[in-house]
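See structure below.
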Amino acid sequence: MEHHRSDALVIGAGIAGLIAALKLSPARVTVLSKTRLGKGVATDWAQGGIAAAIGKDDSPQLHAIDTQRAGAGISDRKIVEILTRDAPARVEELLELGAAFDRTAAGELALGREAAHQRRRIVKAGGDATGHEILKTLIEAVRALESIEVVEEVTARDLILEDGCVRGVTAIDNGTGAHVEIRADAVVLATGGIGRLYRHTTNPIEATGDGIAMAARAGALLADMEFVQFHPTALAIGRDPMPLVTEAVRGEGALLVNDLGERFMASVHPDAELAPRDVVARAIFEQQQRGRTVGLEAREAIGAHFPEAFPTVFGFCMAAGIDPRVQNIPVAPAAHYLMGGIAVDEWGRTSLANLWACGETSATGVHGANRLASNSLLEALVYGSRVASDIASARRRSKRLARHVQSVPEAQRDRRSPRTTAAQALSDVRNVMYSNVGLVRDEAGLRAALARLDDLNAEFGEDAGELRNLLVVGRMIAEAALARRESRGSHYRSDYPQTNEAFAKRSFTRLRSVA
């Protein structure tokens, strides 16, 4: 077995993990990357930008109001204030590192507007290549520091837990299959999201919930797992994953129409195409349930300027034989972001000693039931920085997070399904999650999903690959969705379609059994 030792171990090499590693310098830091550095991370695919109140007509207070409104009443106010207050400084730090954000003719940062924002406050790069620019900038900075060791193409398997304290991680070399053990004085989980869990997703195939599942198996507290955001406008051209059509396209005036040419969002929400993502996604899904297809009509609003305004989207469209300057862009909802994850406090500390989490892997409480557009890159920057600050200053909390364990129903049956291959099981998981634990849920569908996940877990729960992690995360999302008997934000129950003030709070849970 190969052994490594460092002051701090960061598992994950997207924006959250890299900013944490940079800010931990000059400590000896090991960054564990599942792929080659810069590949297979959602940061690289992020088109929209970073939300920050830097415009003359804007303020952190207005940004906070928008964030809390999108969160449907359960965002943590303190965390929201931290996020929106720190945003301008985090953007400035990226500029100092050399990030080339878009600017106006006068040389000021060009600010875009996205759904549910009162102001133009979206900092962008390359029109719709913001994540790629940020990732490139951070990788260059990381490569320049001798104190940071990057271990590439090695997949974390399980946390090393000794006397209730996290001491490192066991992992597998993707190329050789060799076992690797990395120990550190501080461990940070920044492994990204869970999009691969769903049949339709905008996430890289590497987004398999690894960090969340590892933490859950180690006994960590999780939060808000029922809240999965579906992006309304993924490019519906038969690709898996689905390319994203950034929200900024609608921010510039593009309209949603069905195949009959009918614009439908104006009758659904006062903000029409710029309504919160969950509202737009369900409206498109409803059109699909009626047998309609949906497209983005950008001819009037953007037209000939599309190639320079949104070069990434334009390239995807043209490669599929669609010219968005003169044709509608076919779109459909796809799993995009998990608001839940490993429960952390305002410094990114988890309920396990010596373990921190940041980025999509964590649940800070800032997003509530529905994330505001372009707050994801921002949260990764803000809390990746705060995690590094907390570790560097060696502060340790004397008490752990409160144990809020949500009761969940016991499995309804205990039987083994006919033997299937891991590939077939993965396809089955993705289908059942999208159908039963997706945009519209009900008790029968959720219980059916849990029964199928339990069947597959009986066969594949000991598997060390991505399926093992997806089964853990899928089950915890379904259980949390079953327990929340209301509709709020991204969580919609057709059997409980109204918001219930009895559920106007975050949810907390732990894994009931370990695979």
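So you can find residues: chains in the structure tokens are A, B, ... in the order shown, residues in each start at 1, and ligands are numbered from 1 in order.
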
Exercise for the section: Might you pull out every residue within 9 Å of stretch 137-148 of chain A, with only C-alpha atoms counted and same-chain residues fewer than 2 positions away left off, and present them as a list in words? Expected result: Ala13, Ile15, Leu18, Ile19, Ala21, Leu22, Ser25, Pro26, Ala27, Arg28, Val29, Thr30, Val31, Leu37, Gly38, Leu94, Leu97, Gly98, Ala99, Ala100, His132, Glu133, Ile134, Leu135 and Val150 of chain A

Write the residues of the preceding selection, restricted to N, CA and C atoms, as a PDB file, in the first residue's frame.
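This went into part25.pdb:
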ATOM      1  N   ALA A  13     -10.815  18.597  -6.468  1.00  0.00           N
ATOM      2  CA  ALA A  13      -9.973  19.598  -7.117  1.00  0.00           C
ATOM      3  C   ALA A  13     -10.779  20.543  -7.994  1.00  0.00           C
ATOM      4  N   ILE A  15     -13.310  24.239  -7.691  1.00  0.00           N
ATOM      5  CA  ILE A  15     -13.065  25.581  -7.165  1.00  0.00           C
ATOM      6  C   ILE A  15     -12.945  25.588  -5.643  1.00  0.00           C
ATOM      7  N   LEU A  18      -9.536  23.759  -4.534  1.00  0.00           N
ATOM      8  CA  LEU A  18      -8.325  24.469  -4.923  1.00  0.00           C
ATOM      9  C   LEU A  18      -8.145  25.771  -4.159  1.00  0.00           C
ATOM     10  N   ILE A  19      -9.245  26.496  -3.926  1.00  0.00           N
ATOM     11  CA  ILE A  19      -9.097  27.751  -3.165  1.00  0.00           C
ATOM     12  C   ILE A  19      -8.710  27.444  -1.719  1.00  0.00           C
ATOM     13  N   ALA A  21      -6.916  24.830  -0.753  1.00  0.00           N
ATOM     14  CA  ALA A  21      -5.502  24.438  -0.784  1.00  0.00           C
ATOM     15  C   ALA A  21      -4.598  25.652  -0.897  1.00  0.00           C
ATOM     16  N   LEU A  22      -4.956  26.595  -1.762  1.00  0.00           N
ATOM     17  CA  LEU A  22      -4.150  27.804  -1.936  1.00  0.00           C
ATOM     18  C   LEU A  22      -4.049  28.598  -0.642  1.00  0.00           C
ATOM     19  N   SER A  25      -1.683  27.428   2.248  1.00  0.00           N
ATOM     20  CA  SER A  25      -0.248  27.636   2.106  1.00  0.00           C
ATOM     21  C   SER A  25       0.226  28.642   3.175  1.00  0.00           C
ATOM     22  N   PRO A  26       1.401  28.421   3.794  1.00  0.00           N
ATOM     23  CA  PRO A  26       2.484  27.523   3.386  1.00  0.00           C
ATOM     24  C   PRO A  26       2.460  26.132   4.021  1.00  0.00           C
ATOM     25  N   ALA A  27       1.351  25.744   4.604  1.00  0.00           N
ATOM     26  CA  ALA A  27       1.261  24.387   5.143  1.00  0.00           C
ATOM     27  C   ALA A  27       1.449  23.374   4.014  1.00  0.00           C
ATOM     28  N   ARG A  28       1.893  22.171   4.357  1.00  0.00           N
ATOM     29  CA  ARG A  28       2.031  21.101   3.362  1.00  0.00           C
ATOM     30  C   ARG A  28       0.638  20.531   3.095  1.00  0.00           C
ATOM     31  N   VAL A  29       0.179  20.678   1.856  1.00  0.00           N
ATOM     32  CA  VAL A  29      -1.177  20.291   1.491  1.00  0.00           C
ATOM     33  C   VAL A  29      -1.137  19.243   0.382  1.00  0.00           C
ATOM     34  N   THR A  30      -1.927  18.195   0.551  1.00  0.00           N
ATOM     35  CA  THR A  30      -2.127  17.215  -0.512  1.00  0.00           C
ATOM     36  C   THR A  30      -3.522  17.416  -1.089  1.00  0.00           C
ATOM     37  N   VAL A  31      -3.610  17.587  -2.397  1.00  0.00           N
ATOM     38  CA  VAL A  31      -4.898  17.670  -3.091  1.00  0.00           C
ATOM     39  C   VAL A  31      -5.112  16.359  -3.828  1.00  0.00           C
ATOM     40  N   LEU A  37      -5.918  16.775 -13.176  1.00  0.00           N
ATOM     41  CA  LEU A  37      -6.276  18.078 -12.652  1.00  0.00           C
ATOM     42  C   LEU A  37      -6.926  18.930 -13.745  1.00  0.00           C
ATOM     43  N   GLY A  38      -8.114  19.470 -13.425  1.00  0.00           N
ATOM     44  CA  GLY A  38      -8.847  20.296 -14.377  1.00  0.00           C
ATOM     45  C   GLY A  38      -9.905  19.557 -15.160  1.00  0.00           C
ATOM     46  N   LEU A  94      -9.723  36.773  -6.961  1.00  0.00           N
ATOM     47  CA  LEU A  94      -9.558  36.093  -8.246  1.00  0.00           C
ATOM     48  C   LEU A  94      -8.930  37.022  -9.277  1.00  0.00           C
ATOM     49  N   LEU A  97      -5.320  37.116  -8.745  1.00  0.00           N
ATOM     50  CA  LEU A  97      -4.662  35.903  -9.232  1.00  0.00           C
ATOM     51  C   LEU A  97      -4.544  35.883 -10.752  1.00  0.00           C
ATOM     52  N   GLY A  98      -5.250  36.797 -11.408  1.00  0.00           N
ATOM     53  CA  GLY A  98      -5.148  36.888 -12.860  1.00  0.00           C
ATOM     54  C   GLY A  98      -6.362  36.455 -13.641  1.00  0.00           C
ATOM     55  N   ALA A  99      -7.485  36.208 -12.976  1.00  0.00           N
ATOM     56  CA  ALA A  99      -8.701  35.795 -13.693  1.00  0.00           C
ATOM     57  C   ALA A  99      -9.148  36.903 -14.650  1.00  0.00           C
ATOM     58  N   ALA A 100      -9.407  36.541 -15.888  1.00  0.00           N
ATOM     59  CA  ALA A 100      -9.783  37.513 -16.922  1.00  0.00           C
ATOM     60  C   ALA A 100     -11.303  37.558 -17.049  1.00  0.00           C
ATOM     61  N   HIS A 132     -14.576  27.774 -16.378  1.00  0.00           N
ATOM     62  CA  HIS A 132     -13.322  27.364 -17.029  1.00  0.00           C
ATOM     63  C   HIS A 132     -12.208  28.357 -16.732  1.00  0.00           C
ATOM     64  N   GLU A 133     -12.506  29.644 -16.801  1.00  0.00           N
ATOM     65  CA  GLU A 133     -11.500  30.672 -16.535  1.00  0.00           C
ATOM     66  C   GLU A 133     -11.039  30.621 -15.083  1.00  0.00           C
ATOM     67  N   ILE A 134     -11.981  30.462 -14.164  1.00  0.00           N
ATOM     68  CA  ILE A 134     -11.610  30.395 -12.741  1.00  0.00           C
ATOM     69  C   ILE A 134     -10.754  29.166 -12.474  1.00  0.00           C
ATOM     70  N   LEU A 135     -11.164  28.028 -13.023  1.00  0.00           N
ATOM     71  CA  LEU A 135     -10.419  26.791 -12.794  1.00  0.00           C
ATOM     72  C   LEU A 135      -8.999  26.909 -13.343  1.00  0.00           C
ATOM     73  N   VAL A 150      -0.249  17.587  -5.678  1.00  0.00           N
ATOM     74  CA  VAL A 150      -1.483  17.138  -6.314  1.00  0.00           C
ATOM     75  C   VAL A 150      -1.333  15.667  -6.679  1.00  0.00           C
TER      76      VAL A 150
END

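Take atom CA of A:Lys124 and atom CA of A:His491: the distance between them is 29.1 Å.
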
Exercise for the section: Give me the residues within 9 Å of A:Leu439 as a PyMOL selection string, counting only C-alpha atoms and dropping any in the same chain fewer than 6 places off. Expected result: chain A and resi 228-230+278+281-282+285+333+335+490-493

Practice task
For atom CA of A:Ala20 and atom CA of A:Ser385, quote the distance in Å rounded to one decimal.
Solution key: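 Atom CA of A:Ser385 lies at a distance of 5.5 Å from atom CA of A:Ala20.
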
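Take the candidates A:Gly341, A:Arg239, A:Arg452, A:Arg157 and check each one against A:Glu466 using only C-alpha atoms; the shortest distance goes to A:Arg157.
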
Exercise for the section: Please run DSSP on the backbone and report, as an MDAnalysis selection string, all residues within stretch 234-468 of chain A that come out as helix (DSSP H, G or I). Expected result: chainID A and resid 248:251 265:267 272:274 277:289 303:309 311:319 359:361 376:392 422:436 443:460 466:468

For the residues selected in the previous step, produce a file with C-alpha atoms as an mmCIF file, in the first residue's frame.
data_model
loop_
_atom_site.group_PDB
_atom_site.id
_atom_site.type_symbol
_atom_site.label_atom_id
_atom_site.label_comp_id
_atom_site.auth_asym_id
_atom_site.auth_seq_id
_atom_site.Cartn_x
_atom_site.Cartn_y
_atom_site.Cartn_z
ATOM 1 C CA ALA A 248 -27.967 34.267 -18.651
ATOM 2 C CA VAL A 249 -29.543 33.511 -22.037
ATOM 3 C CA ARG A 250 -32.938 34.123 -20.431
ATOM 4 C CA GLY A 251 -31.434 37.029 -18.539
ATOM 5 C CA MET A 265 -44.081 31.206 -18.382
ATOM 6 C CA ALA A 266 -45.939 34.549 -18.302
ATOM 7 C CA SER A 267 -49.042 32.767 -16.991
ATOM 8 C CA ALA A 272 -41.934 34.712 -16.296
ATOM 9 C CA GLU A 273 -38.665 33.289 -17.711
ATOM 10 C CA LEU A 274 -36.730 34.820 -14.803
ATOM 11 C CA ARG A 277 -35.326 27.784 -11.166
ATOM 12 C CA ASP A 278 -37.683 25.309 -9.508
ATOM 13 C CA VAL A 279 -40.717 27.148 -10.905
ATOM 14 C CA VAL A 280 -39.321 27.276 -14.435
ATOM 15 C CA ALA A 281 -38.142 23.648 -14.332
ATOM 16 C CA ARG A 282 -41.526 22.319 -13.218
ATOM 17 C CA ALA A 283 -43.331 24.444 -15.814
ATOM 18 C CA ILE A 284 -41.213 22.903 -18.572
ATOM 19 C CA PHE A 285 -41.700 19.439 -17.063
ATOM 20 C CA GLU A 286 -45.466 20.001 -17.072
ATOM 21 C CA GLN A 287 -45.317 20.889 -20.765
ATOM 22 C CA GLN A 288 -43.432 17.642 -21.386
ATOM 23 C CA GLN A 289 -46.031 15.654 -19.453
ATOM 24 C CA GLY A 303 -29.943 36.962 -32.619
ATOM 25 C CA ALA A 304 -26.744 37.649 -34.541
ATOM 26 C CA HIS A 305 -24.830 38.445 -31.334
ATOM 27 C CA PHE A 306 -25.217 34.887 -30.002
ATOM 28 C CA PRO A 307 -21.730 33.633 -31.016
ATOM 29 C CA GLU A 308 -19.867 36.317 -29.078
ATOM 30 C CA ALA A 309 -22.398 36.617 -26.241
ATOM 31 C CA PRO A 311 -19.809 31.079 -27.354
ATOM 32 C CA THR A 312 -19.987 27.867 -25.310
ATOM 33 C CA VAL A 313 -23.738 27.425 -25.814
ATOM 34 C CA PHE A 314 -23.391 28.456 -29.463
ATOM 35 C CA GLY A 315 -20.747 25.774 -30.016
ATOM 36 C CA PHE A 316 -22.890 23.059 -28.425
ATOM 37 C CA CYS A 317 -25.881 24.086 -30.532
ATOM 38 C CA MET A 318 -24.028 24.283 -33.826
ATOM 39 C CA ALA A 319 -22.397 20.888 -33.192
ATOM 40 C CA GLY A 359 -18.561 23.565 -1.996
ATOM 41 C CA GLU A 360 -21.472 21.462 -3.215
ATOM 42 C CA THR A 361 -20.429 18.588 -0.939
ATOM 43 C CA SER A 376 -22.701 28.135 -6.255
ATOM 44 C CA LEU A 377 -19.277 29.306 -7.448
ATOM 45 C CA LEU A 378 -19.560 32.059 -4.863
ATOM 46 C CA GLU A 379 -20.291 29.678 -1.989
ATOM 47 C CA ALA A 380 -17.348 27.496 -3.010
ATOM 48 C CA LEU A 381 -15.038 30.512 -2.939
ATOM 49 C CA VAL A 382 -16.337 31.928 0.329
ATOM 50 C CA TYR A 383 -16.446 28.682 2.293
ATOM 51 C CA GLY A 384 -13.318 27.185 0.749
ATOM 52 C CA SER A 385 -11.602 30.310 2.076
ATOM 53 C CA ARG A 386 -13.260 30.057 5.491
ATOM 54 C CA VAL A 387 -12.330 26.394 5.866
ATOM 55 C CA ALA A 388 -8.692 27.240 5.138
ATOM 56 C CA SER A 389 -8.801 30.114 7.609
ATOM 57 C CA ASP A 390 -10.250 27.886 10.322
ATOM 58 C CA ILE A 391 -7.678 25.149 9.793
ATOM 59 C CA ALA A 392 -4.783 27.588 9.584
ATOM 60 C CA ALA A 422 -23.061 -2.965 -12.109
ATOM 61 C CA ALA A 423 -23.685 -1.048 -15.355
ATOM 62 C CA GLN A 424 -27.313 -2.206 -15.442
ATOM 63 C CA ALA A 425 -27.718 -1.344 -11.770
ATOM 64 C CA LEU A 426 -26.337 2.159 -12.343
ATOM 65 C CA SER A 427 -28.794 2.709 -15.191
ATOM 66 C CA ASP A 428 -31.623 1.420 -12.984
ATOM 67 C CA VAL A 429 -30.670 3.805 -10.163
ATOM 68 C CA ARG A 430 -30.550 6.799 -12.493
ATOM 69 C CA ASN A 431 -33.920 5.968 -14.038
ATOM 70 C CA VAL A 432 -35.735 5.409 -10.756
ATOM 71 C CA MET A 433 -34.280 8.559 -9.211
ATOM 72 C CA TYR A 434 -35.327 10.761 -12.134
ATOM 73 C CA SER A 435 -38.804 9.220 -12.341
ATOM 74 C CA ASN A 436 -39.615 8.925 -8.633
ATOM 75 C CA GLU A 443 -45.300 8.869 -1.360
ATOM 76 C CA ALA A 444 -45.917 5.859 -3.603
ATOM 77 C CA GLY A 445 -43.091 6.782 -5.943
ATOM 78 C CA LEU A 446 -40.668 7.533 -3.132
ATOM 79 C CA ARG A 447 -41.384 4.243 -1.378
ATOM 80 C CA ALA A 448 -40.976 2.369 -4.662
ATOM 81 C CA ALA A 449 -37.641 4.099 -5.201
ATOM 82 C CA LEU A 450 -36.454 3.203 -1.693
ATOM 83 C CA ALA A 451 -37.456 -0.433 -2.188
ATOM 84 C CA ARG A 452 -35.502 -0.638 -5.437
ATOM 85 C CA LEU A 453 -32.463 1.087 -3.929
ATOM 86 C CA ASP A 454 -32.544 -1.367 -1.008
ATOM 87 C CA ASP A 455 -32.656 -4.285 -3.460
ATOM 88 C CA LEU A 456 -29.650 -2.966 -5.329
ATOM 89 C CA ASN A 457 -27.818 -2.174 -2.115
ATOM 90 C CA ALA A 458 -28.189 -5.813 -1.060
ATOM 91 C CA GLU A 459 -26.253 -6.781 -4.176
ATOM 92 C CA PHE A 460 -23.840 -3.902 -4.655
ATOM 93 C CA GLU A 466 -19.231 4.882 -7.692
ATOM 94 C CA LEU A 467 -22.364 2.726 -7.448
ATOM 95 C CA ARG A 468 -21.744 2.168 -3.734
#

Practice task
Write down as a VMD selection string the residues belonging to stretch 190-343 of chain A that are assigned strand (DSSP E or B) by DSSP computed on the backbone.
Solution key: chain A and resid 201 222 to 223 228 to 235 244 255 to 258 263 294 to 297 329 to 338 341 to 343

Problem - Selection near stretch 39-55 of chain A, 7 Å with only C-alpha atoms, sequence-local residues under 5 positions removed, as a ChimeraX atom specification - result: /A:14-15,60,63,84,87-88,121-124,128-132,135,203-204,206,246-248,374-375,377-378

Practice task
Determine the nearest neighbour of A:Asp323 from the options A:Lys34, A:Arg512, A:Arg299, A:Lys56, counting only C-alpha atoms.
Solution key: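 Looking at the shortest contact to A:Asp323, the residue is A:Arg299.
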
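The smallest atom-to-atom distance between A:Thr35 and any of A:Gln61, A:Thr191, A:Thr170, A:Ser507, using only C-alpha atoms, is found for A:Thr191.
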
Handout entry: Atomic separation - atom CA of A:Lys23 relative to atom CA of A:Leu222, Å
Key =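 These atoms are spaced 25.9 Å apart.
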
Handout entry: Contact residues around A:Ile79 with only C-alpha atoms at 9 Å, ignoring same-chain residues under 2 positions, as a list in words
Key = Ser75, Asp76, Arg77, Glu81, Ile82, Leu83, Thr84, Asp345, Glu346, Thr364, Gly365 and Val366 of chain A

Hey, can you spit out that residue selection with N, CA and C atoms as an mmCIF file, in the first residue's frame?
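Heads up, here's the output in part23.cif:
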data_model
loop_
_atom_site.group_PDB
_atom_site.id
_atom_site.type_symbol
_atom_site.label_atom_id
_atom_site.label_comp_id
_atom_site.auth_asym_id
_atom_site.auth_seq_id
_atom_site.Cartn_x
_atom_site.Cartn_y
_atom_site.Cartn_z
ATOM 1 N N SER A 75 -33.445 29.382 4.389
ATOM 2 C CA SER A 75 -32.015 29.696 4.353
ATOM 3 C C SER A 75 -31.575 30.192 5.725
ATOM 4 N N ASP A 76 -30.351 29.845 6.103
ATOM 5 C CA ASP A 76 -29.784 30.300 7.365
ATOM 6 C C ASP A 76 -29.361 31.757 7.185
ATOM 7 N N ARG A 77 -30.027 32.665 7.881
ATOM 8 C CA ARG A 77 -29.798 34.106 7.687
ATOM 9 C C ARG A 77 -28.341 34.490 7.960
ATOM 10 N N GLU A 81 -25.748 36.152 5.193
ATOM 11 C CA GLU A 81 -25.060 37.426 5.405
ATOM 12 C C GLU A 81 -23.553 37.280 5.195
ATOM 13 N N ILE A 82 -22.987 36.170 5.646
ATOM 14 C CA ILE A 82 -21.559 35.925 5.431
ATOM 15 C C ILE A 82 -21.268 35.821 3.938
ATOM 16 N N LEU A 83 -22.080 35.052 3.235
ATOM 17 C CA LEU A 83 -21.872 34.830 1.803
ATOM 18 C C LEU A 83 -21.909 36.135 1.025
ATOM 19 N N THR A 84 -22.956 36.908 1.219
ATOM 20 C CA THR A 84 -23.133 38.119 0.429
ATOM 21 C C THR A 84 -22.158 39.223 0.838
ATOM 22 N N ASP A 345 -20.897 24.123 9.887
ATOM 23 C CA ASP A 345 -21.190 25.409 10.521
ATOM 24 C C ASP A 345 -20.611 26.536 9.670
ATOM 25 N N GLU A 346 -20.537 27.728 10.242
ATOM 26 C CA GLU A 346 -20.099 28.888 9.447
ATOM 27 C C GLU A 346 -18.632 28.844 9.060
ATOM 28 N N THR A 364 -24.254 24.304 3.935
ATOM 29 C CA THR A 364 -24.055 25.431 4.845
ATOM 30 C C THR A 364 -25.372 25.993 5.347
ATOM 31 N N GLY A 365 -26.459 25.761 4.586
ATOM 32 C CA GLY A 365 -27.754 26.357 4.906
ATOM 33 C C GLY A 365 -28.023 27.625 4.130
ATOM 34 N N VAL A 366 -27.055 28.057 3.317
ATOM 35 C CA VAL A 366 -27.233 29.315 2.592
ATOM 36 C C VAL A 366 -28.281 29.217 1.492
#

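Counting only C-alpha atoms, A:Ser487 has the following residues at most 8 Å away, ignoring those fewer than 2 positions along the same chain: Arg484, Arg485, Gly489, His491, Tyr492, Arg493, Ser494, Tyr496, Pro497, Gln498, Thr499 and Asn500 of chain A.
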
Exercise for the section: Pick out the closest residue to A:Ala115 from this set: A:Gly168, A:Gly127, A:Pro241, A:Gly253. Count only C-alpha atoms. Expected result: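 Smallest separation from A:Ala115 among the options: A:Gly253.
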